[in-house]
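Structure first, then comments.
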2 protein chains.
Amino acid sequence: MQRPGGRTARVRTAVLKAAEDALVEVGFAGLDLGDIARRAEVGRTTVYRRWGSVAALLADVLADMAEQSLPRTRTGSLREDLRACARLTQRTLAHPRQGALFRAVLLAATCDASAAEALHRFYRVRVDEWAPCVTEAVDRGDLPPGTDPAEVIRAVSAPLYYRMLTTPDPLDEPTADRAATAAEAAARAGAFRAAQAGDPGTDTYGTVPPSTSTTGSRRTGREPR
Amino acid sequence: MQRPGGRTARVRTAVLKAAEDALVEVGFAGLDLGDIARRAEVGRTTVYRRWGSVAALLADVLADMAEQSLPRTRTGSLREDLRACARLTQRTLAHPRQGALFRAVLLAATCDASAAEALHRFYRVRVDEWAPCVTEAVDRGDLPPGTDPAEVIRAVSAPLYYRMLTTPDPLDEPTADRAATAAEAAARAGAFRAAQAGDPGTDTYGTVPPSTSTTGSRRTGREPR
DNA sequence: ACGCTAATGGAACAGGAATCCCGTTAATGA
DNA sequence: TCATTAACGGGATTCCTGTTCCATTAGCGT
């Protein structure tokens, strides 16, 4: 028989809070379940038993956070909607507490399956929350029919995450606005329409090497960008 | 007196190789310098002395990788250039070995200053490598004057990284092509021109709350997207 | 070739995180 | 209100990572 009431819930709240605090203070690498238990004034054993690892604990933090998410704003304009979406992402990532949290969960997700699943669910929910503004724009005729709403929303946030991860530059509002503008422009141009047959250019890549399989190690040169 | 020759270089090579192997096999979370030393058939002491931490070692792996990067392809078409760029990124991230490596270094960068610096330098170099194709497109008149080359290149990769991190979906070639198409469309529409005064829309955000400072915690609701 | 010493590697040591054991506390339902 | 037992908490224990010490190896200059 499970006992989610009273004490158990209190302990969970205290530990999640302590985990966030610890994360902001010492960073992801410095997280230690024993330390978190101390901050939460809870027995070490309890934390180890209920969560077992930093990644699992962060997954729970994310799940808790997801329940508190805000509804999207609703303007009547695609431009304004996307800008609001971008600003929200920018503000969240730039926020000292929430930003640290998101970076940490992104990290944890690449190491731990439960954290990855929690993260994926979180983003699925968030995209679904904002997708309607794209659908409405399509209905209004502002965007071409067949535009994939989720892709547009993802296109708004992607540059912000990429910038956060790969450059030392701060995430400011102009950056957010630029991301929104770019996503809107691409959407208007039909870049996010669902794959349609005969799209010119999809079959004419003369310069890209075959790359039959990514498994082959015929070349040692690496190359992302 | 320093002795970069012979044995030292051999040890470095063996350790970096072993680190990559270990990364692919046990993942970032499971990395252990002792284990890496064992794989490299090198004394633990040596690894601890020369690198000291997983993050520092990964930074060195990244530096080593950067030296082996391939030059960009050169077609005469912006569309083809961006597609090649996107495909290269996609192929790299989807590659079992290199993909794991990049994810790990991204992680390490958020925990360790030296890894972060190595990562930033790496992406700066990569962007600089590809930026010319945008500059050339501007010169040809394919893109509006004032277009920021680096931003266009980053816009190509951003969706791929975002997808890799936030969804369980595989990174395939259609995804890469879509990213290239979207970046091109946005660039053509002038979304990446350097900030110019009087850009209509930049000053008319009626729905976005003030958000004077991101530090304030007046609301507990969180919200990325 | 030879000597100097940077660099390595084995082994012992230390510190701390994760686990286990078991008594205590307090939610839950009758 | 009371019995039941899920869940907690403190302390001992184990395991393992990272450090230190010192002997050995092998670049490097002469």
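Note on naming: chains are A, B, ... as they come in the structure tokens, residues start from 1 per chain, ligands start from 1 in the order shown.
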Determine which residues of segment 18-82 of chain B receive a DSSP assignment of helix (DSSP H, G or I), computed from the backbone, and state them as a tab-separated table (two decimals) with C-alpha atoms, in the first residue's frame.
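Result written to states-v7.tsv:
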chain	number	residue	atom	x	y	z
B	18	ALA	CA	40.81	5.30	-24.76
B	19	ALA	CA	38.68	8.18	-23.54
B	20	GLU	CA	36.66	8.12	-26.73
B	21	ASP	CA	36.21	4.38	-26.48
B	22	ALA	CA	35.13	4.58	-22.89
B	23	LEU	CA	32.76	7.39	-23.68
B	24	VAL	CA	31.02	5.40	-26.38
B	25	GLU	CA	30.82	2.30	-24.23
B	26	VAL	CA	29.89	3.54	-20.80
B	28	PHE	CA	29.65	10.34	-19.96
B	29	ALA	CA	28.32	9.52	-16.52
B	30	GLY	CA	30.35	6.33	-16.37
B	33	LEU	CA	39.97	8.27	-15.22
B	34	GLY	CA	41.22	5.04	-13.71
B	35	ASP	CA	39.31	3.02	-16.22
B	36	ILE	CA	40.55	5.17	-19.07
B	37	ALA	CA	44.12	4.68	-17.91
B	38	ARG	CA	43.58	0.94	-17.87
B	39	ARG	CA	42.18	0.99	-21.40
B	40	ALA	CA	45.09	3.08	-22.62
B	44	ARG	CA	46.55	5.94	-13.52
B	45	THR	CA	48.93	8.44	-12.03
B	46	THR	CA	49.83	9.76	-15.43
B	47	VAL	CA	46.26	10.45	-16.40
B	48	TYR	CA	45.45	12.11	-13.11
B	49	ARG	CA	48.58	14.21	-13.28
B	50	ARG	CA	48.26	15.37	-16.87
B	54	VAL	CA	37.09	14.10	-16.95
B	55	ALA	CA	36.14	17.55	-18.19
B	56	ALA	CA	39.72	18.58	-18.83
B	57	LEU	CA	40.38	15.34	-20.65
B	58	LEU	CA	37.34	15.84	-22.85
B	59	ALA	CA	38.48	19.37	-23.57
B	60	ASP	CA	41.72	17.89	-24.85
B	61	VAL	CA	39.82	15.34	-26.92
B	62	LEU	CA	37.89	18.17	-28.47
B	63	ALA	CA	41.04	20.15	-29.18
B	64	ASP	CA	42.51	17.12	-30.84
B	65	MET	CA	39.37	16.64	-32.87
B	66	ALA	CA	39.37	20.25	-33.96
B	67	GLU	CA	42.73	19.80	-35.65
B	78	LEU	CA	23.87	29.01	-51.23
B	79	ARG	CA	21.24	26.32	-51.09
B	80	GLU	CA	23.74	23.56	-51.73
B	81	ASP	CA	26.31	25.02	-49.37
B	82	LEU	CA	23.87	25.23	-46.51
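Take the candidates D:DC16, D:DA23, D:DA3, D:DC28 and check each one against DA14 of chain C using only C-alpha atoms (C1' of nucleotides); the shortest distance goes to D:DC16.
Within 10 Å of chain A, chain D contributes the residues DT5, DA6, DA7, DC8, DG9 and DG10 of chain D, using only C-alpha atoms (C1' of nucleotides).
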Can you write out the residues you just picked, keeping N, CA, C and O atoms (P, O5', C5', C4', C3', O3' and C1' of nucleotides), as a short mmCIF file (atom, residue, chain, number, x, y, z; two decimals), in the first residue's frame?
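Produced file selection09.cif, reproduced below:
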data_model
loop_
_atom_site.label_atom_id
_atom_site.label_comp_id
_atom_site.auth_asym_id
_atom_site.auth_seq_id
_atom_site.Cartn_x
_atom_site.Cartn_y
_atom_site.Cartn_z
P DT D 5 0.49 -5.41 8.58
"O5'" DT D 5 1.40 -4.28 7.91
"C5'" DT D 5 0.80 -3.31 7.06
"C4'" DT D 5 1.77 -2.17 6.83
"C3'" DT D 5 3.20 -2.61 6.51
"O3'" DT D 5 3.74 -1.73 5.55
"C1'" DT D 5 3.24 -1.10 8.26
P DA D 6 4.01 -2.32 4.04
"O5'" DA D 6 4.17 -0.95 3.22
"C5'" DA D 6 3.05 -0.09 3.10
"C4'" DA D 6 3.48 1.37 3.25
"C3'" DA D 6 4.72 1.77 2.47
"O3'" DA D 6 4.51 3.07 1.93
"C1'" DA D 6 5.08 2.20 4.76
P DA D 7 5.60 3.65 0.87
"O5'" DA D 7 6.52 4.50 1.83
"C5'" DA D 7 5.94 5.57 2.58
"C4'" DA D 7 6.96 6.14 3.54
"C3'" DA D 7 8.34 6.41 2.93
"O3'" DA D 7 8.60 7.80 3.05
"C1'" DA D 7 8.51 5.34 5.05
P DC D 8 10.04 8.40 2.69
"O5'" DC D 8 10.70 8.52 4.13
"C5'" DC D 8 10.02 9.24 5.14
"C4'" DC D 8 10.78 9.17 6.44
"C3'" DC D 8 12.22 9.70 6.38
"O3'" DC D 8 12.38 10.70 7.36
"C1'" DC D 8 12.14 7.59 7.46
P DG D 9 13.72 11.61 7.31
"O5'" DG D 9 14.67 10.85 8.34
"C5'" DG D 9 14.26 10.68 9.68
"C4'" DG D 9 15.40 10.13 10.51
"C3'" DG D 9 16.78 10.68 10.17
"O3'" DG D 9 17.51 10.82 11.38
"C1'" DG D 9 16.78 8.34 9.90
P DG D 10 18.75 11.83 11.36
"O5'" DG D 10 19.84 10.96 12.14
"C5'" DG D 10 19.47 10.35 13.38
"C4'" DG D 10 20.33 9.14 13.65
"C3'" DG D 10 21.84 9.38 13.48
"O3'" DG D 10 22.52 8.89 14.62
"C1'" DG D 10 21.16 7.49 12.21
#
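Between chain C and the candidates A:Val15, A:Leu171, A:Cys85, A:Leu31, the tightest atom-to-atom separation, counting only C-alpha atoms (C1' of nucleotides), involves A:Leu31.
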Residues of chain B within 7 Å of chain A, counting only C-alpha atoms, what are they? List them as a ChimeraX atom specification. /B:27-29,65,68-70,73,75,80,84,88-89,91-92,95-96,106-107,111,119-120,123,126-127,155,157-159,161-162,165-168,178,181-183,185-186,189,191,205,207-208,214-215,221-225
